[in-house]
$ cat query-v4.pdb   # PDB, C-alpha atoms and all ligand atoms
ATOM      1  CA  MET A   5     -15.255  -5.869  -4.220
ATOM      2  CA  SER A   6     -18.543  -4.215  -5.112
ATOM      3  CA  ILE A   7     -19.330  -0.604  -4.327
ATOM      4  CA  ALA A   8     -22.158  -1.793  -2.084
ATOM      5  CA  SER A   9     -19.742  -3.907   0.009
ATOM      6  CA  ALA A  10     -17.255  -1.058   0.209
ATOM      7  CA  LYS A  11     -19.977   1.304   1.432
ATOM      8  CA  GLN A  12     -21.018  -1.195   4.089
ATOM      9  CA  ILE A  13     -17.440  -1.599   5.354
ATOM     10  CA  VAL A  14     -16.766   2.125   5.406
ATOM     11  CA  ALA A  15     -20.032   2.822   7.257
ATOM     12  CA  ALA A  16     -18.846   0.545  10.079
ATOM     13  CA  LEU A  17     -15.432   2.185  10.517
ATOM     14  CA  PRO A  18     -14.542   4.302  13.544
ATOM     15  CA  PRO A  19     -14.206   8.066  12.980
ATOM     16  CA  LEU A  20     -10.971   9.432  11.505
ATOM     17  CA  THR A  21     -10.104   6.139   9.793
ATOM     18  CA  THR A  22      -8.205   6.622   6.540
ATOM     19  CA  VAL A  23     -10.121   4.842   3.799
ATOM     20  CA  VAL A  24      -7.861   3.546   1.033
ATOM     21  CA  ALA A  25      -9.269   2.378  -2.297
ATOM     22  CA  LEU A  26      -6.864  -0.017  -4.028
ATOM     23  CA  PHE A  27      -6.889  -0.370  -7.825
ATOM     24  CA  VAL A  28      -4.777  -2.316 -10.293
ATOM     25  CA  ASP A  29      -4.755  -0.713 -13.752
ATOM     26  CA  PRO A  30      -8.435   0.240 -13.503
ATOM     27  CA  GLU A  31     -10.725   1.796 -16.069
ATOM     28  CA  PRO A  32     -11.049   5.510 -15.198
ATOM     29  CA  ALA A  33     -14.849   5.186 -15.023
ATOM     30  CA  TRP A  34     -14.508   2.560 -12.294
ATOM     31  CA  VAL A  35     -12.284   4.798 -10.170
ATOM     32  CA  LYS A  36     -14.741   7.655 -10.639
ATOM     33  CA  SER A  37     -17.712   5.462  -9.679
ATOM     34  CA  VAL A  38     -15.949   4.346  -6.493
ATOM     35  CA  CYS A  39     -14.940   7.900  -5.576
ATOM     36  CA  ASP A  40     -18.472   9.182  -6.207
ATOM     37  CA  ALA A  41     -20.084   6.507  -4.026
ATOM     38  CA  VAL A  42     -17.603   5.836  -1.235
ATOM     39  CA  PRO A  43     -15.904   8.415   1.045
ATOM     40  CA  VAL A  44     -12.378   7.514  -0.024
ATOM     41  CA  SER A  45      -9.449   9.273   1.665
ATOM     42  CA  LEU A  46      -6.623   7.921  -0.475
ATOM     43  CA  LEU A  47      -6.278   6.069  -3.781
ATOM     44  CA  GLN A  48      -3.707   3.253  -4.007
ATOM     45  CA  PHE A  49      -2.651   2.495  -7.582
ATOM     46  CA  HIS A  50      -1.031  -0.913  -7.579
ATOM     47  CA  GLY A  51      -0.486  -1.480 -11.292
ATOM     48  CA  SER A  52       1.430   0.334 -14.023
ATOM     49  CA  GLU A  53      -0.567   3.555 -13.871
ATOM     50  CA  PRO A  54       1.357   6.583 -15.179
ATOM     51  CA  ALA A  55       1.356   9.833 -13.209
ATOM     52  CA  ASP A  56      -1.190  11.627 -15.399
ATOM     53  CA  PHE A  57      -3.629   8.760 -14.888
ATOM     54  CA  CYS A  58      -3.163   8.818 -11.108
ATOM     55  CA  GLU A  59      -3.545  12.590 -10.961
ATOM     56  CA  ALA A  60      -6.672  12.754 -13.149
ATOM     57  CA  PHE A  61      -8.987  11.934 -10.225
ATOM     58  CA  ARG A  62      -7.795  14.933  -8.195
ATOM     59  CA  ARG A  63      -7.558  12.836  -5.043
ATOM     60  CA  PRO A  64      -4.579  12.083  -2.809
ATOM     61  CA  TYR A  65      -2.911   8.938  -4.073
ATOM     62  CA  MET A  66      -0.094   6.491  -3.361
ATOM     63  CA  LYS A  67       1.754   4.748  -6.171
ATOM     64  CA  ALA A  68       2.781   1.172  -5.608
ATOM     65  CA  VAL A  69       6.134   0.051  -6.980
ATOM     66  CA  ARG A  70       6.973  -3.618  -7.362
ATOM     67  CA  VAL A  71      10.635  -3.576  -6.475
ATOM     68  CA  SER A  72      13.141  -5.700  -8.384
ATOM     69  CA  VAL A  73      15.967  -3.171  -8.567
ATOM     70  CA  SER A  74      16.503   0.226  -6.899
ATOM     71  CA  GLU A  75      15.970   2.017 -10.211
ATOM     72  CA  ASP A  76      12.316   0.897 -10.179
ATOM     73  CA  VAL A  77      11.784   3.069  -7.127
ATOM     74  CA  LEU A  78      13.818   6.025  -8.381
ATOM     75  CA  ILE A  79      11.943   6.118 -11.692
ATOM     76  CA  GLN A  80       8.509   6.045 -10.055
ATOM     77  CA  ALA A  81       9.576   8.722  -7.552
ATOM     78  CA  ALA A  82      10.785  10.929 -10.397
ATOM     79  CA  THR A  83       7.601  10.533 -12.425
ATOM     80  CA  HIS A  84       4.909  10.420  -9.720
ATOM     81  CA  THR A  85       5.969  13.653  -8.070
ATOM     82  CA  LEU A  86       2.477  14.439  -6.735
ATOM     83  CA  ALA A  87       2.049  11.055  -5.036
ATOM     84  CA  ARG A  88       1.544  11.318  -1.293
ATOM     85  CA  GLY A  89       3.838   8.343  -0.950
ATOM     86  CA  LEU A  90       5.404   5.399  -2.728
ATOM     87  CA  LEU A  91       4.234   1.987  -1.566
ATOM     88  CA  LEU A  92       7.048  -0.484  -2.075
ATOM     89  CA  ASP A  93       5.949  -4.063  -2.653
ATOM     90  CA  SER A  94       7.453  -7.324  -3.883
ATOM     91  CA  ALA A  95       7.544  -8.115  -7.574
ATOM     92  CA  ASP A  96       5.815 -11.295  -8.657
ATOM     93  CA  GLU A  97       5.238 -12.808 -12.085
ATOM     94  CA  GLN A  98       1.686 -13.930 -11.320
ATOM     95  CA  LEU A  99       0.253 -11.489  -8.782
ATOM     96  CA  ALA A 100      -0.087  -7.695  -8.782
ATOM     97  CA  GLY A 101       0.121  -7.624  -4.996
ATOM     98  CA  GLY A 102      -0.928  -9.469  -1.887
ATOM     99  CA  THR A 103       1.895 -11.907  -2.572
ATOM    100  CA  GLY A 104       2.933 -12.526   1.036
ATOM    101  CA  LYS A 105       6.543 -12.303  -0.152
ATOM    102  CA  THR A 106       9.188  -9.946   1.167
ATOM    103  CA  PHE A 107      11.714  -8.282  -1.107
ATOM    104  CA  ASP A 108      15.314  -7.251  -0.529
ATOM    105  CA  TRP A 109      14.940  -4.172   1.700
ATOM    106  CA  SER A 110      18.490  -3.068   0.905
ATOM    107  CA  LEU A 111      17.143  -2.065  -2.540
ATOM    108  CA  VAL A 112      15.151   0.795  -1.002
ATOM    109  CA  PRO A 113      16.968   4.033  -1.850
ATOM    110  CA  ARG A 114      17.769   6.393   1.009
ATOM    111  CA  ASP A 115      16.583  10.024   0.935
ATOM    112  CA  LEU A 116      13.998   9.351  -1.725
ATOM    113  CA  GLY A 117      12.189  12.613  -1.124
ATOM    114  CA  ALA A 118       8.794  10.906  -0.910
ATOM    115  CA  PRO A 119       7.312   9.089   2.081
ATOM    116  CA  ILE A 120       7.726   5.328   1.820
ATOM    117  CA  VAL A 121       5.027   2.843   2.723
ATOM    118  CA  LEU A 122       6.713  -0.531   3.063
ATOM    119  CA  ALA A 123       4.708  -3.610   2.060
ATOM    120  CA  GLY A 124       5.293  -7.134   0.843
ATOM    121  CA  GLY A 125       5.235 -10.175   3.062
ATOM    122  CA  LEU A 126       5.187  -8.301   6.339
ATOM    123  CA  ASN A 127       3.845  -9.978   9.462
ATOM    124  CA  ALA A 128       4.096  -9.597  13.244
ATOM    125  CA  ASP A 129       7.412 -11.480  13.262
ATOM    126  CA  ASN A 130       9.297  -9.426  10.672
ATOM    127  CA  VAL A 131       7.721  -5.962  10.791
ATOM    128  CA  ALA A 132      10.010  -4.722  13.584
ATOM    129  CA  GLU A 133      13.129  -5.539  11.571
ATOM    130  CA  ALA A 134      11.543  -3.995   8.462
ATOM    131  CA  VAL A 135      10.860  -0.757  10.352
ATOM    132  CA  ARG A 136      14.414  -0.672  11.714
ATOM    133  CA  VAL A 137      16.061  -1.337   8.354
ATOM    134  CA  VAL A 138      13.917   0.794   6.025
ATOM    135  CA  GLU A 139      12.554   3.434   8.435
ATOM    136  CA  PRO A 140       9.365   3.810   6.371
ATOM    137  CA  ALA A 141       6.688   6.416   7.014
ATOM    138  CA  ALA A 142       4.164   3.581   7.281
ATOM    139  CA  VAL A 143       3.814  -0.138   6.713
ATOM    140  CA  ASP A 144       1.081  -2.032   4.884
ATOM    141  CA  VAL A 145       0.077  -5.662   5.218
ATOM    142  CA  SER A 146      -2.467  -8.001   3.734
ATOM    143  CA  THR A 147      -1.750 -11.742   3.834
ATOM    144  CA  GLY A 148       0.432 -11.528   6.942
ATOM    145  CA  VAL A 149      -2.608 -10.769   9.115
ATOM    146  CA  GLU A 150      -4.943 -13.341   7.594
ATOM    147  CA  SER A 151      -6.131 -16.618   9.123
ATOM    148  CA  ALA A 152      -7.167 -17.897   5.672
ATOM    149  CA  PRO A 153      -7.034 -16.321   2.196
ATOM    150  CA  GLY A 154      -9.083 -13.118   2.323
ATOM    151  CA  ILE A 155      -9.988 -13.458   6.029
ATOM    152  CA  LYS A 156      -8.329 -10.889   8.272
ATOM    153  CA  ASP A 157      -7.543 -12.123  11.795
ATOM    154  CA  PRO A 158      -8.072  -9.484  14.532
ATOM    155  CA  VAL A 159      -5.468 -11.101  16.808
ATOM    156  CA  LYS A 160      -2.838 -11.123  14.059
ATOM    157  CA  MET A 161      -3.725  -7.529  13.191
ATOM    158  CA  ALA A 162      -3.268  -6.413  16.801
ATOM    159  CA  SER A 163       0.074  -8.250  17.077
ATOM    160  CA  PHE A 164       1.235  -6.658  13.853
ATOM    161  CA  ILE A 165       0.275  -3.160  14.951
ATOM    162  CA  ASN A 166       1.891  -3.613  18.366
ATOM    163  CA  ALA A 167       5.135  -4.874  16.823
ATOM    164  CA  ALA A 168       5.227  -2.055  14.258
ATOM    165  CA  ARG A 169       4.509   0.627  16.861
ATOM    166  CA  ALA A 170       7.122  -0.741  19.276
ATOM    167  CA  ALA A 171       9.751  -0.700  16.532
ATOM    168  CA  ALA A 172       8.797   2.827  15.484
ATOM    169  CA  ARG A 173       9.224   3.954  19.107
ATOM    170  CA  GLY A 174      12.654   2.317  19.131
ATOM    171  CA  ASP A 175      11.743  -0.307  21.745
ATOM    172  CA  SER A 176      14.089  -3.264  21.525
TER     173      SER A 176
HETATM  174  O1  LIG B 201      -4.168  -7.785  -1.103
HETATM  175  C1  LIG B 201      -4.466  -8.036  -2.265
HETATM  176  O2  LIG B 201      -5.232  -8.968  -2.570
HETATM  177  C2  LIG B 201      -3.903  -7.226  -3.378
HETATM  178  C3  LIG B 201      -4.293  -7.519  -4.672
HETATM  179  C4  LIG B 201      -3.775  -6.782  -5.719
HETATM  180  C5  LIG B 201      -2.878  -5.764  -5.493
HETATM  181  C6  LIG B 201      -2.471  -5.475  -4.204
HETATM  182  C7  LIG B 201      -2.978  -6.189  -3.139
HETATM  183  N1  LIG B 201      -2.612  -5.930  -1.833
HETATM  184  C8  LIG B 201      -1.510  -5.108  -1.490
HETATM  185  O3  LIG B 201      -0.307  -5.833  -1.686
HETATM  186  C9  LIG B 201       0.656  -5.397  -0.750
HETATM  187  C10 LIG B 201       1.357  -6.535  -0.059
HETATM  188  O4  LIG B 201       0.518  -7.507   0.412
HETATM  189  P1  LIG B 201       1.081  -8.721   1.332
HETATM  190  O5  LIG B 201       1.185  -8.176   2.732
HETATM  191  O6  LIG B 201       2.393  -9.161   0.783
HETATM  192  O7  LIG B 201       0.044  -9.774   1.229
HETATM  193  C11 LIG B 201      -0.071  -4.485   0.227
HETATM  194  O8  LIG B 201       0.240  -3.160  -0.157
HETATM  195  C12 LIG B 201      -1.524  -4.719  -0.030
HETATM  196  O9  LIG B 201      -2.273  -3.515   0.139
END
$ encode --input "query-v4.pdb" --output "structure tokens" --more "lines below"
Ligand SMILES: O=C(O)c1ccccc1N[C@@H]1O[C@H](COP(=O)(O)O)[C@@H](O)[C@H]1O
Amino acid sequence: MSIASAKQIVAALPPLTTVVALFVDPEPAWVKSVCDAVPVSLLQFHGSEPADFCEAFRRPYMKAVRVSVSEDVLIQAATHTLARGLLLDSADEQLAGGTGKTFDWSLVPRDLGAPIVLAGGLNADNVAEAVRVVEPAAVDVSTGVESAPGIKDPVKMASFINAARAAARGDS
């Protein structure tokens, strides 16, 4: 996405919306250009960025972890101590994210000490179970609320949010 497109999208958002800028192993200059031009609330690093890289921009950030084994999560939690949260996503050999695939939620360690954002293949049909099993601080979704690749569907988004909120409230 270009900076111009990002600015356009952000300008149309309602007040108090958290603006997340997602990067996968970016050049530092690109992150700086985005942060200088767009009112970003939170950086999401979705590649193999080490902690010192993530911290260099002096912005709140989340570190994504592609989970294959529990140790993946423990290592990233131990190294990215200043992250506002760990975003747990599915591992994939081809894609950095946006895979539409779930991972084995039993691999998520308990009492991690950092807020967990659960991602990976969530949709309106499975998010309630995901919330019950993992008890994350938040959930994230991309392909599960799309009508076609890259096209978000407002009806699917509303269903997803309703299902996630109901589960968080403990509604059966
Ligand atoms: O959505 C993308 O295209 C994307 C590309 C590269 C890295 C991450 C990406 N999205 C993030 O991936 C996870 C899970 O997505 P999905 O629900 O399984 O499609 C989520 O955190 C997105 O923010």
$ resolve_selection --input "query-v4.pdb" --expression "the PyMOL selection byres (((not hetatm)) within 8 of (chain B and resi 201))" --output "VMD selection string"
chain A and resid 26 to 28 50 to 51 68 91 to 94 99 to 106 122 to 127 144 to 149 154
$ residues_around --input "query-v4.pdb" --residues "Val135 of chain A" --least-positions-apart "2" --cutoff "12 Å" --atoms "only C-alpha atoms" --output "VMD selection string"
chain A and resid 109 120 to 123 126 to 133 137 to 144 164 to 165 167 to 176
$ resolve_selection --input "query-v4.pdb" --expression "the PyMOL selection byres (((chain A and resi 35) around 12) and not hetatm)" --output "PyMOL selection string"
chain A and resi 7+25-34+36-42+44+46-49+57-63+65
$ residues_around --input "query-v4.pdb" --residues "Ser45 of chain A" --least-positions-apart "3" --cutoff "6 Å" --atoms "only C-alpha atoms" --output "ChimeraX atom specification"
/A:22-24
$ closest_residue --input "query-v4.pdb" --among "A:Ile155, A:Leu111, A:Ala95, A:Ala118" --to "Ala81 of chain A" --atoms "only C-alpha atoms"
A:Ala118
$ resolve_selection --input "query-v4.pdb" --expression "the PyMOL selection byres (((chain A and resi 84-88) around 6) and not hetatm)" --output "ChimeraX atom specification"
/A:55,65-66,80-83,89
$ write_last_selection --input "query-v4.pdb" --atoms "C-alpha atoms" --output "PDB file, in the coordinates of the input"
ATOM      1  CA  ALA A  55       1.356   9.833 -13.209  1.00  0.00           C
ATOM      2  CA  TYR A  65      -2.911   8.938  -4.073  1.00  0.00           C
ATOM      3  CA  MET A  66      -0.094   6.491  -3.361  1.00  0.00           C
ATOM      4  CA  GLN A  80       8.509   6.045 -10.055  1.00  0.00           C
ATOM      5  CA  ALA A  81       9.576   8.722  -7.552  1.00  0.00           C
ATOM      6  CA  ALA A  82      10.785  10.929 -10.397  1.00  0.00           C
ATOM      7  CA  THR A  83       7.601  10.533 -12.425  1.00  0.00           C
ATOM      8  CA  GLY A  89       3.838   8.343  -0.950  1.00  0.00           C
TER       9      GLY A  89
END
$ atom_distance --input "query-v4.pdb" --atom1 "atom CA of Val14 of chain A" --atom2 "atom CA of Lys156 of chain A"
15.8 Å
$ atom_distance --input "query-v4.pdb" --atom1 "atom CA of Leu78 of chain A" --atom2 "atom CA of Pro64 of chain A"
20.2 Å
$ atom_distance --input "query-v4.pdb" --atom1 "atom CA of Asp56 of chain A" --atom2 "atom CA of Val73 of chain A"
23.7 Å
